[in-house]
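Q: Sharing coords.cif (mmCIF, C-alpha atoms) below.
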```cif
data_run
loop_
_atom_site.group_PDB
_atom_site.id
_atom_site.type_symbol
_atom_site.label_atom_id
_atom_site.label_comp_id
_atom_site.auth_asym_id
_atom_site.auth_seq_id
_atom_site.Cartn_x
_atom_site.Cartn_y
_atom_site.Cartn_z
ATOM 1 C CA MET A 1 72.321 109.585 86.727
ATOM 2 C CA THR A 2 73.066 112.738 84.727
ATOM 3 C CA GLY A 3 72.190 113.113 81.084
ATOM 4 C CA VAL A 4 75.861 112.977 80.090
ATOM 5 C CA ALA A 5 76.378 109.801 82.118
ATOM 6 C CA CYS A 6 73.332 108.193 80.525
ATOM 7 C CA TRP A 7 74.703 108.899 77.063
ATOM 8 C CA LEU A 8 78.061 107.439 78.037
ATOM 9 C CA VAL A 9 76.306 104.262 79.151
ATOM 10 C CA LEU A 10 74.393 104.095 75.881
ATOM 11 C CA LEU A 11 77.517 104.727 73.831
ATOM 12 C CA SER A 12 79.258 101.906 75.656
ATOM 13 C CA VAL A 13 76.434 99.610 74.601
ATOM 14 C CA VAL A 14 76.804 100.703 70.991
ATOM 15 C CA VAL A 15 80.522 99.991 71.150
ATOM 16 C CA ILE A 16 79.640 96.518 72.460
ATOM 17 C CA VAL A 17 77.175 95.808 69.637
ATOM 18 C CA VAL A 18 79.541 96.424 66.749
ATOM 19 C CA GLY A 19 78.972 93.326 64.678
ATOM 20 C CA LEU A 20 76.702 90.476 63.807
ATOM 21 C CA GLY A 21 77.122 86.732 63.940
ATOM 22 C CA CYS A 22 77.681 84.361 66.800
ATOM 23 C CA GLU A 23 81.373 83.675 67.029
ATOM 24 C CA ASP A 24 81.494 84.841 70.656
ATOM 25 C CA GLU A 25 80.160 83.805 74.044
ATOM 26 C CA THR A 26 76.506 84.401 73.195
ATOM 27 C CA CYS A 27 76.529 81.154 71.262
ATOM 28 C CA ASN A 28 79.120 79.356 73.320
ATOM 29 C CA GLN A 29 77.024 79.744 76.468
ATOM 30 C CA ALA A 30 73.897 78.227 74.969
ATOM 31 C CA THR A 31 72.646 75.104 76.698
ATOM 32 C CA VAL A 32 70.707 72.907 74.310
ATOM 33 C CA GLY A 33 68.309 70.514 75.982
ATOM 34 C CA ASN A 34 66.780 68.891 72.894
ATOM 35 C CA GLY A 35 69.349 69.231 70.176
ATOM 36 C CA GLY A 36 68.439 71.452 67.260
ATOM 37 C CA GLY A 37 71.877 72.742 66.436
ATOM 38 C CA VAL A 38 72.249 73.752 62.817
ATOM 39 C CA THR A 39 74.100 71.266 60.644
ATOM 40 C CA ALA A 40 74.207 73.505 57.571
ATOM 41 C CA PRO A 41 74.162 77.269 57.056
ATOM 42 C CA ARG A 42 70.704 78.810 57.255
ATOM 43 C CA LYS A 43 69.453 81.913 55.530
ATOM 44 C CA TYR A 44 66.684 83.131 57.788
ATOM 45 C CA THR A 45 65.565 86.682 57.153
ATOM 46 C CA ALA A 46 63.224 89.104 58.897
ATOM 47 C CA ASP A 47 60.371 87.675 56.822
ATOM 48 C CA ASP A 48 60.736 84.395 58.723
ATOM 49 C CA LEU A 49 59.944 86.089 62.054
ATOM 50 C CA VAL A 50 56.719 86.887 63.870
ATOM 51 C CA CYS A 51 57.188 89.281 66.803
ATOM 52 C CA ALA A 52 54.230 89.353 69.203
ATOM 53 C CA VAL A 53 54.331 92.390 71.509
ATOM 54 C CA ILE A 54 52.071 92.122 74.563
ATOM 55 C CA THR A 55 50.600 95.529 75.376
ATOM 56 C CA THR A 56 47.641 97.216 77.034
ATOM 57 C CA LYS A 57 45.500 100.266 76.251
ATOM 58 C CA LYS A 58 47.348 102.300 78.878
ATOM 59 C CA TYR A 59 50.576 101.975 76.904
ATOM 60 C CA HIS A 60 49.368 102.014 73.287
ATOM 61 C CA SER A 61 50.444 105.620 72.690
ATOM 62 C CA THR A 62 53.736 105.403 74.625
ATOM 63 C CA ARG A 63 55.505 102.059 74.934
ATOM 64 C CA ALA A 64 53.832 100.309 71.999
ATOM 65 C CA LYS A 65 54.253 103.328 69.749
ATOM 66 C CA ALA A 66 57.962 103.454 70.606
ATOM 67 C CA VAL A 67 58.301 99.795 69.633
ATOM 68 C CA LYS A 68 56.457 100.425 66.372
ATOM 69 C CA ASP A 69 58.686 103.397 65.563
ATOM 70 C CA THR A 70 61.947 101.557 66.280
ATOM 71 C CA TRP A 71 62.804 97.860 66.143
ATOM 72 C CA ALA A 72 59.380 96.544 65.054
ATOM 73 C CA LYS A 73 59.935 97.606 61.444
ATOM 74 C CA ARG A 74 62.873 95.158 61.274
ATOM 75 C CA CYS A 75 60.705 92.156 62.167
ATOM 76 C CA GLY A 76 58.862 90.617 59.227
ATOM 77 C CA THR A 77 55.502 90.489 61.041
ATOM 78 C CA THR A 78 54.881 92.434 64.246
ATOM 79 C CA LEU A 79 51.639 91.984 66.179
ATOM 80 C CA PHE A 80 50.586 94.319 68.987
ATOM 81 C CA VAL A 81 48.505 92.057 71.217
ATOM 82 C CA SER A 82 45.923 93.883 73.327
ATOM 83 C CA ALA A 83 42.426 93.626 74.769
ATOM 84 C CA ASP A 84 41.466 96.891 73.049
ATOM 85 C CA PRO A 85 41.419 97.948 69.402
ATOM 86 C CA ASP A 86 43.771 100.696 68.278
ATOM 87 C CA PRO A 87 44.086 101.310 64.528
ATOM 88 C CA SER A 88 47.186 103.456 65.007
ATOM 89 C CA LEU A 89 49.325 100.408 65.829
ATOM 90 C CA PRO A 90 47.173 98.433 64.821
ATOM 91 C CA THR A 91 46.380 95.945 67.581
ATOM 92 C CA THR A 92 45.486 92.280 67.350
ATOM 93 C CA VAL A 93 42.571 92.183 69.789
ATOM 94 C CA PHE A 94 41.681 89.536 72.353
ATOM 95 C CA PRO A 95 38.809 91.027 74.400
ATOM 96 C CA GLY A 96 38.653 90.499 78.142
ATOM 97 C CA THR A 97 42.297 89.535 78.561
ATOM 98 C CA GLU A 98 43.594 92.545 80.411
ATOM 99 C CA GLU A 99 43.940 92.222 84.165
ATOM 100 C CA GLY A 100 45.752 89.903 86.557
ATOM 101 C CA THR A 101 46.141 86.264 85.582
ATOM 102 C CA ILE A 102 43.873 86.910 82.593
ATOM 103 C CA ILE A 103 47.025 88.224 80.906
ATOM 104 C CA ASN A 104 48.091 84.572 80.767
ATOM 105 C CA GLU A 105 44.978 83.928 78.687
ATOM 106 C CA LYS A 106 45.989 86.730 76.320
ATOM 107 C CA VAL A 107 49.348 85.065 75.661
ATOM 108 C CA PHE A 108 47.861 81.594 75.144
ATOM 109 C CA GLN A 109 45.226 82.985 72.767
ATOM 110 C CA MET A 110 47.949 84.882 70.962
ATOM 111 C CA PHE A 111 49.983 81.726 70.299
ATOM 112 C CA SER A 112 46.890 79.920 68.966
ATOM 113 C CA TYR A 113 46.109 82.901 66.732
ATOM 114 C CA VAL A 114 49.681 83.122 65.501
ATOM 115 C CA TRP A 115 49.758 79.460 64.561
ATOM 116 C CA ASN A 116 46.403 79.629 62.771
ATOM 117 C CA ASN A 117 47.260 82.829 60.870
ATOM 118 C CA HIS A 118 51.056 82.863 60.545
ATOM 119 C CA GLY A 119 51.994 79.211 60.825
ATOM 120 C CA ASP A 120 54.087 79.408 57.664
ATOM 121 C CA LYS A 121 56.681 81.528 59.483
ATOM 122 C CA LYS A 122 59.791 79.868 60.902
ATOM 123 C CA TRP A 123 60.233 81.595 64.269
ATOM 124 C CA PHE A 124 57.874 83.193 66.801
ATOM 125 C CA ILE A 125 59.064 85.745 69.353
ATOM 126 C CA LYS A 126 57.033 86.881 72.349
ATOM 127 C CA CYS A 127 58.041 90.041 74.215
ATOM 128 C CA ASP A 128 56.565 92.959 76.153
ATOM 129 C CA ASP A 129 55.942 96.533 75.061
ATOM 130 C CA ASP A 130 58.984 97.690 77.053
ATOM 131 C CA THR A 131 61.354 95.204 75.399
ATOM 132 C CA TYR A 132 63.943 96.258 72.825
ATOM 133 C CA LEU A 133 64.784 93.414 70.428
ATOM 134 C CA VAL A 134 68.016 93.525 68.430
ATOM 135 C CA ILE A 135 66.552 91.759 65.416
ATOM 136 C CA ASP A 136 69.843 91.591 63.507
ATOM 137 C CA ASN A 137 71.544 89.687 66.312
ATOM 138 C CA ILE A 138 68.551 87.379 66.766
ATOM 139 C CA LEU A 139 68.687 86.474 63.075
ATOM 140 C CA ALA A 140 72.439 85.933 63.251
ATOM 141 C CA LEU A 141 71.985 83.604 66.213
ATOM 142 C CA LEU A 142 69.220 81.603 64.537
ATOM 143 C CA ASN A 143 71.155 81.334 61.284
ATOM 144 C CA GLU A 144 74.309 80.117 62.934
ATOM 145 C CA ARG A 145 72.938 77.706 65.513
ATOM 146 C CA TYR A 146 69.345 76.626 65.084
ATOM 147 C CA ASP A 147 66.879 74.844 62.845
ATOM 148 C CA HIS A 148 63.195 75.764 62.836
ATOM 149 C CA ASN A 149 62.356 72.123 62.063
ATOM 150 C CA ALA A 150 63.458 71.131 65.581
ATOM 151 C CA PRO A 151 61.170 71.854 68.584
ATOM 152 C CA LEU A 152 63.066 74.704 70.231
ATOM 153 C CA TYR A 153 62.260 77.071 73.109
ATOM 154 C CA ILE A 154 64.954 79.757 73.394
ATOM 155 C CA GLY A 155 65.360 82.617 75.865
ATOM 156 C CA ARG A 156 66.457 83.644 79.340
ATOM 157 C CA ALA A 157 65.751 80.301 80.975
ATOM 158 C CA GLY A 158 64.914 79.916 84.635
ATOM 159 C CA GLU A 159 63.225 77.599 87.107
ATOM 160 C CA PHE A 160 60.207 78.199 89.333
ATOM 161 C CA HIS A 161 59.161 75.454 91.760
ATOM 162 C CA GLY A 162 60.394 72.803 89.381
ATOM 163 C CA ILE A 163 58.983 74.440 86.240
ATOM 164 C CA ASP A 164 61.498 75.267 83.493
ATOM 165 C CA TYR A 165 60.574 78.409 81.588
ATOM 166 C CA CYS A 166 61.940 81.397 79.649
ATOM 167 C CA GLY A 167 61.417 84.870 81.089
ATOM 168 C CA GLY A 168 58.737 86.770 79.210
ATOM 169 C CA GLY A 169 60.073 90.282 79.731
ATOM 170 C CA ALA A 170 63.369 89.701 77.953
ATOM 171 C CA GLY A 171 61.464 87.797 75.281
ATOM 172 C CA TYR A 172 61.616 84.194 74.123
ATOM 173 C CA ILE A 173 61.561 82.356 70.802
ATOM 174 C CA LEU A 174 59.595 79.304 69.706
ATOM 175 C CA SER A 175 60.474 77.395 66.554
ATOM 176 C CA GLN A 176 57.873 76.517 63.942
ATOM 177 C CA ALA A 177 58.208 72.823 64.816
ATOM 178 C CA LEU A 178 57.493 73.452 68.506
ATOM 179 C CA LEU A 179 54.486 75.679 67.867
ATOM 180 C CA ARG A 180 53.102 73.152 65.370
ATOM 181 C CA GLU A 181 53.275 70.399 67.997
ATOM 182 C CA TRP A 182 52.128 72.588 70.884
ATOM 183 C CA ALA A 183 49.263 74.561 69.300
ATOM 184 C CA PRO A 184 46.651 71.742 69.466
ATOM 185 C CA HIS A 185 47.298 71.379 73.209
ATOM 186 C CA ILE A 186 47.087 75.062 74.167
ATOM 187 C CA PRO A 187 43.359 74.892 75.104
ATOM 188 C CA GLN A 188 44.236 72.180 77.646
ATOM 189 C CA CYS A 189 46.953 74.217 79.349
ATOM 190 C CA GLN A 190 46.651 74.914 83.049
ATOM 191 C CA ARG A 191 46.725 78.672 83.655
ATOM 192 C CA LEU A 192 48.823 79.145 86.767
ATOM 193 C CA ARG A 193 48.377 82.112 89.087
ATOM 194 C CA VAL A 194 51.882 83.251 88.296
ATOM 195 C CA GLY A 195 53.482 85.035 85.349
ATOM 196 C CA GLU A 196 52.490 84.064 81.849
ATOM 197 C CA ASP A 197 56.060 82.984 81.162
ATOM 198 C CA VAL A 198 55.936 80.297 83.860
ATOM 199 C CA SER A 199 52.510 79.157 82.618
ATOM 200 C CA VAL A 200 53.819 78.857 79.072
ATOM 201 C CA GLY A 201 56.873 76.960 80.286
ATOM 202 C CA LYS A 202 54.713 74.518 82.270
ATOM 203 C CA CYS A 203 52.390 73.902 79.352
ATOM 204 C CA ILE A 204 55.233 73.286 76.911
ATOM 205 C CA ASN A 205 56.915 70.892 79.343
ATOM 206 C CA ASP A 206 53.662 69.102 80.195
ATOM 207 C CA PHE A 207 53.122 68.150 76.580
ATOM 208 C CA HIS A 208 56.619 68.014 75.131
ATOM 209 C CA LYS A 209 59.111 67.441 77.959
ATOM 210 C CA ILE A 210 61.670 69.766 76.419
ATOM 211 C CA HIS A 211 63.996 72.097 78.269
ATOM 212 C CA PRO A 212 64.523 75.745 77.365
ATOM 213 C CA ILE A 213 67.717 76.808 75.642
ATOM 214 C CA TRP A 214 69.431 79.503 77.696
ATOM 215 C CA HIS A 215 71.238 82.471 76.163
ATOM 216 C CA THR A 216 72.973 85.280 77.994
ATOM 217 C CA GLY A 217 71.881 87.722 75.312
ATOM 218 C CA PHE A 218 68.317 88.023 76.632
ATOM 219 C CA TYR A 219 68.508 90.726 79.315
ATOM 220 C CA HIS A 220 65.691 91.331 81.806
ATOM 221 C CA GLN A 221 66.851 94.909 82.511
ATOM 222 C CA THR A 222 68.363 97.880 80.688
ATOM 223 C CA PRO A 223 72.043 98.280 79.743
ATOM 224 C CA GLU A 224 72.389 100.890 82.501
ATOM 225 C CA PHE A 225 71.323 98.335 85.128
ATOM 226 C CA PHE A 226 74.016 95.861 84.143
ATOM 227 C CA LEU A 227 76.728 98.449 83.568
ATOM 228 C CA THR A 228 76.259 100.696 86.607
ATOM 229 C CA THR A 229 74.493 98.899 89.474
ATOM 230 C CA ASP A 230 75.900 96.455 92.001
ATOM 231 C CA GLN A 231 72.978 94.077 91.475
ATOM 232 C CA GLY A 232 73.394 94.155 87.722
ATOM 233 C CA GLN A 233 77.073 93.358 87.940
ATOM 234 C CA LYS A 234 76.314 90.608 90.451
ATOM 235 C CA ASP A 235 73.733 89.115 88.087
ATOM 236 C CA HIS A 236 76.165 89.243 85.170
ATOM 237 C CA PRO A 237 79.747 89.507 86.481
ATOM 238 C CA GLU A 238 80.990 88.713 82.971
ATOM 239 C CA GLY A 239 79.395 91.942 81.734
ATOM 240 C CA ILE A 240 77.069 92.404 78.765
ATOM 241 C CA THR A 241 77.645 90.016 75.891
ATOM 242 C CA THR A 242 78.981 91.486 72.657
ATOM 243 C CA LYS A 243 75.869 90.176 70.883
ATOM 244 C CA PRO A 244 72.857 91.228 73.001
ATOM 245 C CA LEU A 245 69.508 89.963 71.783
ATOM 246 C CA SER A 246 67.149 92.028 73.924
ATOM 247 C CA PHE A 247 66.778 94.444 76.822
ATOM 248 C CA HIS A 248 63.758 94.800 79.098
ATOM 249 C CA THR A 249 62.205 97.620 81.189
ATOM 250 C CA VAL A 250 63.133 100.015 78.382
ATOM 251 C CA THR A 251 61.303 103.354 78.498
ATOM 252 C CA PRO A 252 59.996 104.904 75.265
ATOM 253 C CA GLY A 253 62.774 107.486 75.409
ATOM 254 C CA LEU A 254 65.472 104.869 75.873
ATOM 255 C CA MET A 255 63.896 102.794 73.096
ATOM 256 C CA HIS A 256 64.513 105.648 70.660
ATOM 257 C CA GLU A 257 67.988 106.387 72.028
ATOM 258 C CA LEU A 258 69.105 102.776 71.646
ATOM 259 C CA ASP A 259 67.706 102.636 68.140
ATOM 260 C CA TYR A 260 69.384 105.893 67.145
ATOM 261 C CA LEU A 261 72.752 104.908 68.539
ATOM 262 C CA LEU A 262 72.679 101.358 67.189
ATOM 263 C CA TYR A 263 71.592 102.257 63.687
ATOM 264 C CA TYR A 264 72.783 105.798 63.001
ATOM 265 C CA VAL A 265 75.786 106.786 65.108
ATOM 266 C CA ILE A 266 78.378 104.049 64.818
ATOM 267 C CA HIS A 267 76.492 102.138 62.113
ATOM 268 C CA PRO A 268 77.163 98.660 63.464
ATOM 269 C CA LEU A 269 73.855 97.336 62.199
ATOM 270 C CA THR A 270 72.311 97.581 58.767
ATOM 271 C CA PRO A 271 69.251 99.874 58.652
ATOM 272 C CA THR A 272 66.136 99.045 56.724
ATOM 273 C CA GLU A 273 65.017 101.055 53.714
ATOM 274 C CA GLU A 274 62.512 102.758 56.020
ATOM 275 C CA ASP A 275 65.344 103.682 58.422
ATOM 276 C CA ASN A 276 67.188 105.464 55.630
ATOM 277 C CA LYS A 277 64.297 107.719 54.641
ATOM 278 C CA GLY A 278 64.972 111.334 55.470
ATOM 279 C CA THR A 279 68.389 110.802 57.037
ATOM 280 C CA LYS A 280 71.602 112.445 55.944
ATOM 281 C CA TRP A 281 73.187 108.990 55.811
ATOM 282 C CA ALA A 282 70.777 107.715 53.183
ATOM 283 C CA GLN A 283 73.525 107.650 50.521
ATOM 284 C CA ASP A 284 76.168 106.010 52.697
ATOM 285 C CA PRO A 285 77.312 102.540 51.599
ATOM 286 C CA TRP A 286 75.629 99.675 53.468
ATOM 287 C CA PRO A 287 76.590 97.602 55.246
ATOM 288 C CA PRO A 288 79.394 99.708 56.720
ATOM 289 C CA SER A 289 82.704 98.128 57.581
ATOM 290 C CA HIS A 290 82.869 96.812 61.148
ATOM 291 C CA PRO A 291 85.692 97.520 63.597
ATOM 292 C CA THR A 292 87.999 94.602 64.207
ATOM 293 C CA HIS A 293 87.374 92.900 67.538
#
```
Can you turn what I pasted into structure tokens?
A:
Amino acid sequence: MTGVACWLVLLSVVVIVVGLGCEDETCNQATVGNGGGVTAPRKYTADDLVCAVITTKKYHSTRAKAVKDTWAKRCGTTLFVSADPDPSLPTTVFPGTEEGTIINEKVFQMFSYVWNNHGDKKWFIKCDDDTYLVIDNILALLNERYDHNAPLYIGRAGEFHGIDYCGGGAGYILSQALLREWAPHIPQCQRLRVGEDVSVGKCINDFHKIHPIWHTGFYHQTPEFFLTTDQGQKDHPEGITTKPLSFHTVTPGLMHELDYLLYYVIHPLTPTEEDNKGTKWAQDPWPPSHPTH
């Protein structure tokens, strides 16, 4: 794909993500297995979120750095989970959890650590270092539909040999209530020789018998994949939702392009104070007015 074509694809994504809230199909297509719908308006903010980014030494200076420089500053607490220390991120270190199925151990240790050190937070998001999270849309979704006091497991739900789980690449969300109930059982979890996401799903279901909540907004590939490839359009014939929550397999370059287009070109999302530093838009009124859908 040419550079011009790539930019056209990215601009089309920006046009899609022109507002916040959950009045559209992103919410309507949620399947709630255990209840948890919000009965009164919530006011969750970025400070209520913990975003745990699974990374490795090989990608500290590329993928993880791109996450740190873009969407991570919009999450209240971002942890870069690695087997190796790196003060430039910095990393939260779990030694000896790097290769093969040991990565599963890294994720289980991470959830125990998060509960023990950040258990006062309301929502916990796990993703990879090549995942772009649209934090504003995630907050809008949680505020409109969900209650952290209910045991909730939200993401791109799937099934593997009878195990319900949420795909780890696109990211998934655990409520405070679920992590509180699950954390004491994590040491007893069976580590399967499959992806960490399936292992997490099995462990949650073994102890809590809850089903994941599925949302179309968690995407396991890039916008380009869904907009321009036959397989992408087959996977999602309805197209990309107007309220995407995440994209996966995002390169560092694309991470910055998405962030630039989402927060500085059409201004559909409200930048942080850090975003505004050094930009010619620093004095523009925020939030900007949104186009009418």
Q: For the atom pair atom CA of A:Ile186 and atom CA of A:Asp129, what is the interatomic distance in Å to one decimal place?
A: 23.2 Å
Q: What gap, in Å, lies between atom CA of A:His208 and atom CA of A:Gly158?
A: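 Between these atoms lies a distance of 17.3 Å.
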Q: Go through stretch 163-273 of chain A residue by residue and, counting all atoms listed in the file, keep those with an atom at most 6 Å from stretch 144-156 of chain A; for each kept residue give the shortest atom pair and its distance in Å to one decimal, ordered by chain and increasing number, as JSON lines.
A:
```
{"residue": "A:Cys166", "atom": "CA", "partner": "A:Arg156", "partner_atom": "CA", "distance": 5.1}
{"residue": "A:Gly167", "atom": "CA", "partner": "A:Arg156", "partner_atom": "CA", "distance": 5.5}
{"residue": "A:Tyr172", "atom": "CA", "partner": "A:Gly155", "partner_atom": "CA", "distance": 4.4}
{"residue": "A:Ile173", "atom": "CA", "partner": "A:Ile154", "partner_atom": "CA", "distance": 5.0}
{"residue": "A:Leu174", "atom": "CA", "partner": "A:Tyr153", "partner_atom": "CA", "distance": 4.9}
{"residue": "A:Ser175", "atom": "CA", "partner": "A:His148", "partner_atom": "CA", "distance": 4.9}
{"residue": "A:Gln176", "atom": "CA", "partner": "A:His148", "partner_atom": "CA", "distance": 5.5}
{"residue": "A:Ala177", "atom": "CA", "partner": "A:Pro151", "partner_atom": "CA", "distance": 4.9}
{"residue": "A:Leu178", "atom": "CA", "partner": "A:Pro151", "partner_atom": "CA", "distance": 4.0}
{"residue": "A:Pro212", "atom": "CA", "partner": "A:Tyr153", "partner_atom": "CA", "distance": 5.0}
{"residue": "A:Ile213", "atom": "CA", "partner": "A:Ile154", "partner_atom": "CA", "distance": 4.6}
{"residue": "A:Trp214", "atom": "CA", "partner": "A:Arg156", "partner_atom": "CA", "distance": 5.4}
{"residue": "A:His215", "atom": "CA", "partner": "A:Arg156", "partner_atom": "CA", "distance": 5.9}
{"residue": "A:Phe218", "atom": "CA", "partner": "A:Arg156", "partner_atom": "CA", "distance": 5.5}
```
Q: From the options A:Asp86, A:Asp259, A:Asp235, A:Asp164, which residue's atoms come nearest to A:Cys203, counting all atoms listed in the file?
A: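 That would be A:Asp164, the residue with the smallest distance to A:Cys203.
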Q: Pick from A:Phe207, A:Trp71, A:Tyr59, A:Phe225: nearest to A:Asn137, with all atoms listed in the file counted?
A: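 Ranked by minimum distance to A:Asn137, first place goes to A:Trp71.
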Q: As an exercise, work out the distance from atom CA of A:Ile204 to atom CA of A:Ile125 in Å and give it to one decimal place.
A: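 Interatomic distance, atom CA of A:Ile204 to atom CA of A:Ile125: 15.1 Å.
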Q: Considering all atoms listed in the file, return as a PyMOL selection string whatever protein or nucleic-acid residues lie within 9 Å of stretch 80-83 of chain A, sequence-local ones (same chain, fewer than 6 positions apart) excluded.
A: chain A and resi 51-57+60+64+68+89-98+106-107+110+129
